[in-house]
$ cat my_file-v8.cif   # mmCIF, C-alpha atoms
data_run
#
loop_
_atom_site.label_atom_id
_atom_site.label_comp_id
_atom_site.auth_asym_id
_atom_site.auth_seq_id
_atom_site.Cartn_x
_atom_site.Cartn_y
_atom_site.Cartn_z
CA MET A 6 97.54 95.79 80.40
CA ARG A 7 100.46 94.02 78.73
CA SER A 8 102.18 93.38 82.09
CA GLN A 9 99.61 90.78 83.16
CA PHE A 10 100.45 88.68 80.07
CA THR A 11 104.21 88.35 80.58
CA LEU A 12 104.23 84.54 80.62
CA GLU A 13 103.39 84.31 76.93
CA LYS A 14 105.85 84.98 74.16
CA THR A 15 104.94 88.18 72.33
CA PHE A 16 103.82 87.63 68.76
CA THR A 17 105.42 90.19 66.46
CA LYS A 18 104.63 88.67 63.07
CA TYR A 19 101.73 91.01 62.42
CA GLN A 20 103.90 94.09 62.95
CA THR A 21 106.68 92.77 60.73
CA GLN A 22 104.77 90.73 58.12
CA GLY A 23 101.29 92.24 58.14
CA ALA A 24 98.33 90.00 57.29
CA TYR A 25 100.57 87.07 56.38
CA HIS A 26 97.83 84.41 56.66
CA TRP A 27 95.83 86.31 54.04
CA SER A 28 98.82 86.64 51.72
CA CYS A 29 99.33 82.85 51.84
CA THR A 30 95.67 81.96 51.44
CA TYR A 31 94.21 84.72 49.27
CA ASN A 32 97.23 85.98 47.35
CA GLU A 33 95.92 87.46 44.11
CA ARG A 34 99.38 87.30 42.53
CA LEU A 35 99.47 83.51 42.70
CA ARG A 36 98.56 81.91 39.40
CA ARG A 37 96.75 78.97 40.94
CA TYR A 38 94.61 78.00 43.90
CA SER A 39 96.63 76.57 46.81
CA PRO A 40 94.71 73.68 48.39
CA ARG A 41 97.33 73.32 51.13
CA SER A 42 96.88 76.91 52.31
CA HIS A 43 93.10 76.63 52.37
CA ALA A 44 93.10 73.16 54.00
CA LEU A 45 94.52 74.64 57.21
CA TYR A 46 91.22 76.50 57.67
CA ASP A 47 88.79 74.42 55.64
CA ILE A 48 89.29 71.09 57.42
CA PRO A 49 88.11 72.33 60.86
CA LEU A 50 85.25 74.21 59.22
CA ARG A 51 84.19 71.17 57.24
CA LEU A 52 84.15 69.07 60.41
CA LEU A 53 82.14 71.73 62.20
CA ARG A 54 79.62 71.95 59.40
CA GLN A 55 79.35 68.17 59.05
CA PHE A 56 78.93 67.28 62.72
CA HIS A 57 77.50 70.40 64.29
CA GLY A 58 76.46 72.95 61.69
CA PHE A 59 76.24 76.69 62.05
CA GLY A 60 72.50 77.30 62.31
CA ASP A 61 70.78 80.64 62.78
CA LYS A 62 71.04 80.81 66.54
CA LYS A 63 74.45 79.19 67.01
CA ILE A 64 77.42 81.30 67.97
CA GLY A 65 81.07 80.33 67.91
CA LEU A 66 84.38 81.52 69.25
CA ASP A 67 87.66 81.61 67.29
CA ILE A 68 90.45 81.65 69.88
CA GLY A 69 93.72 83.02 68.53
CA CYS A 70 91.97 84.47 65.48
CA GLY A 71 95.02 86.51 64.51
CA ASP A 72 94.50 88.35 61.24
CA GLY A 73 91.09 86.76 60.72
CA VAL A 74 91.18 84.16 57.93
CA THR A 75 89.19 81.60 59.92
CA LEU A 76 86.69 84.27 60.98
CA TYR A 77 86.23 85.26 57.36
CA LYS A 78 85.64 81.68 56.23
CA VAL A 79 83.08 81.09 59.00
CA MET A 80 81.29 84.31 58.16
CA LEU A 81 81.26 83.42 54.45
CA ALA A 82 79.68 80.08 55.34
CA GLY A 83 76.91 81.88 57.24
CA GLY A 84 78.21 81.31 60.76
CA ARG A 85 78.22 83.80 63.61
CA VAL A 86 81.58 83.88 65.37
CA ILE A 87 83.53 86.09 67.75
CA GLY A 88 87.28 86.34 67.28
CA VAL A 89 89.62 86.53 70.28
CA ASP A 90 93.31 87.33 70.19
CA LEU A 91 95.91 88.79 72.52
CA GLU A 92 97.56 90.90 69.80
CA TYR A 93 95.87 94.20 68.94
CA SER A 94 97.75 94.33 65.65
CA GLY A 95 96.28 90.98 64.54
CA LEU A 96 92.77 92.11 65.47
CA ALA A 97 93.22 95.36 63.54
CA LEU A 98 94.30 93.39 60.47
CA ALA A 99 91.34 91.01 60.86
CA ARG A 100 88.92 93.93 61.00
CA LYS A 101 90.45 95.59 57.95
CA GLN A 102 90.63 92.43 55.83
CA ILE A 103 87.08 91.28 56.62
CA GLU A 104 85.53 94.73 56.24
CA ASN A 105 87.23 95.15 52.86
CA ARG A 106 86.04 91.76 51.60
CA MET A 107 82.57 91.45 53.15
CA LYS A 108 81.53 94.98 54.05
CA GLN A 109 80.77 93.61 57.53
CA THR A 110 82.49 94.36 60.80
CA PRO A 111 83.61 91.21 62.62
CA GLU A 112 83.05 90.80 66.35
CA LEU A 113 86.53 90.96 67.91
CA VAL A 114 87.75 90.83 71.51
CA ASN A 115 91.24 91.47 72.82
CA ALA A 116 91.80 88.87 75.54
CA LEU A 117 94.14 86.22 76.85
CA CYS A 118 93.01 82.68 76.05
CA TYR A 119 93.46 81.62 79.68
CA HIS A 120 90.88 84.14 80.94
CA LEU A 121 88.17 84.51 78.32
CA PRO A 122 85.79 87.38 79.14
CA PHE A 123 82.63 85.34 78.54
CA PRO A 124 80.18 83.61 80.88
CA ASP A 125 80.17 79.84 81.26
CA GLN A 126 78.49 77.90 78.43
CA SER A 127 78.36 80.88 76.05
CA PHE A 128 79.29 79.18 72.76
CA ASP A 129 77.98 76.39 70.56
CA TYR A 130 81.38 75.82 68.96
CA VAL A 131 84.98 76.82 69.51
CA LEU A 132 87.66 76.98 66.84
CA SER A 133 91.38 77.35 67.42
CA VAL A 134 93.64 76.92 64.40
CA GLU A 135 97.32 76.36 65.19
CA VAL A 136 97.38 78.19 68.51
CA ILE A 137 97.91 75.59 71.24
CA GLU A 138 101.54 74.91 70.26
CA HIS A 139 102.41 78.54 71.11
CA LEU A 140 101.01 78.41 74.65
CA ALA A 141 102.84 78.07 77.95
CA LYS A 142 99.76 76.60 79.68
CA PRO A 143 97.80 74.45 77.22
CA ASP A 144 95.86 72.70 80.01
CA GLN A 145 94.52 76.03 81.25
CA PHE A 146 93.61 76.97 77.66
CA LEU A 147 91.65 73.72 77.25
CA SER A 148 89.91 74.27 80.60
CA GLU A 149 88.73 77.69 79.37
CA ILE A 150 87.38 76.13 76.18
CA ILE A 151 85.42 73.60 78.24
CA ARG A 152 84.13 76.38 80.50
CA VAL A 153 82.74 78.56 77.67
CA LEU A 154 81.40 75.68 75.54
CA ARG A 155 77.72 74.79 75.85
CA PRO A 156 76.75 71.17 76.55
CA GLY A 157 76.76 69.30 73.25
CA GLY A 158 79.03 71.92 71.70
CA MET A 159 81.94 71.16 69.40
CA VAL A 160 85.62 72.05 69.46
CA ALA A 161 87.75 72.10 66.32
CA LEU A 162 91.38 72.57 67.32
CA THR A 163 94.40 72.08 65.08
CA THR A 164 98.13 72.04 65.62
CA PRO A 165 101.06 71.25 63.34
CA HIS A 166 102.63 67.83 63.76
CA ARG A 167 106.39 67.66 64.00
CA ARG A 168 108.62 64.64 63.85
CA GLU A 169 111.08 63.98 66.68
CA ASN A 170 113.80 65.73 64.65
CA GLY A 171 111.67 68.91 64.56
CA ILE A 172 110.74 68.71 60.88
CA LEU A 173 107.11 69.50 60.19
CA LEU A 174 105.20 66.46 58.95
CA ASP A 175 102.84 67.52 56.18
CA LEU A 176 99.84 65.24 56.50
CA PHE A 177 98.05 66.76 53.52
CA THR A 178 98.58 65.52 50.01
CA TYR A 179 96.97 66.98 46.95
CA ALA A 180 94.78 63.88 46.55
CA SER A 181 93.41 64.08 50.09
CA ILE A 182 92.80 67.83 49.91
CA GLN A 183 90.78 67.49 46.70
CA ASP A 184 88.15 65.59 48.68
CA LEU A 185 87.52 68.55 51.00
CA SER A 186 85.14 70.48 48.78
CA TRP A 187 82.11 71.85 50.60
#
$ encode --input "my_file-v8.cif" --output "structure tokens"
Amino acid sequence: MRSQFTLEKTFTKYQTQGAYHWSCTYNERLRRYSPRSHALYDIPLRLLRQFHGFGDKKIGLDIGCGDGVTLYKVMLAGGRVIGVDLEYSGLALARKQIENRMKQTPELVNALCYHLPFPDQSFDYVLSVEVIEHLAKPDQFLSEIIRVLRPGGMVALTTPHRRENGILLDLFTYASIQDLSW
């Protein structure tokens, strides 16, 4: 199965660092809440809730769900979402983290983002948090999102912004993040 995905760089962070998104966002050893860590996930969810909502019958897709922090936040907010990732290790961590915290099993699918195993117009919303910058074929990825999104659906996609010199530009300040409460 891996041979058909040779164009993409293999992600090994989950094998070497474990559930690293969880340790940044929900680290119990930190003495204070980190708005910057939560903003990465909360901003797309806030936009989704504000402009589209979750609703009882709506279903979403989290492409590149990794170790599952976005899935968890959507599920906590009452949304139904399916997580998709290429890395089995990330999906295993997502399942473990969410089951331990919510006593629910998340819906997870191992798939390549260029060939999503869902029929056309299957989802009311699509989330993808900091995935597109890792892809060799972002246009094909976006075409798949359009294909699986229902008419009137919403996409919340994020990517880091780097300056020309390669340094990451942090657009969030503490003052702006404070305004993101649900």
$ resolve_selection --input "my_file-v8.cif" --expression "the PyMOL selection byres ((chain A and resi 64-81) around 9)" --output "ChimeraX atom specification"
/A:19,23-27,30,46-47,50,59-63,82-103,106-107,111,113,117-118,127-137,150,154
$ residues_around --input "my_file-v8.cif" --residues "His120 (chain A)" --least-positions-apart "4" --cutoff "9 Å" --atoms "all atoms listed in the file" --output "PDB file with C-alpha atoms, in the frame of the given file"
ATOM      1  CA  ALA A 116      91.800  88.870  75.540  1.00  0.00           C
ATOM      2  CA  GLN A 145      94.520  76.030  81.250  1.00  0.00           C
ATOM      3  CA  PHE A 146      93.610  76.970  77.660  1.00  0.00           C
ATOM      4  CA  GLU A 149      88.730  77.690  79.370  1.00  0.00           C
TER       5      GLU A 149
END
$ closest_residue --input "my_file-v8.cif" --among "A:Glu104, A:Ser148, A:Pro143, A:Glu138" --to "Thr164 (chain A)" --atoms "all atoms listed in the file"
A:Glu138
$ residues_near_point --input "my_file-v8.cif" --point "(79.0, 81.8, 78.1)" --cutoff "6 Å" --atoms "all atoms listed in the file" --output "count of residues only"
7
$ atom_distance --input "my_file-v8.cif" --atom1 "CA of Thr110 (chain A)" --atom2 "CA of Leu140 (chain A)"
28.1 Å
$ atom_distance --input "my_file-v8.cif" --atom1 "CA of Leu53 (chain A)" --atom2 "CA of Arg155 (chain A)"
14.7 Å
$ atom_distance --input "my_file-v8.cif" --atom1 "CA of Pro165 (chain A)" --atom2 "CA of His139 (chain A)"
10.7 Å
$ residues_around --input "my_file-v8.cif" --residues "Phe56 (chain A)" --least-positions-apart "4" --cutoff "12 Å" --atoms "only C-alpha atoms" --output "number ranges by chain"
A: 49-52, 60, 130, 157-161
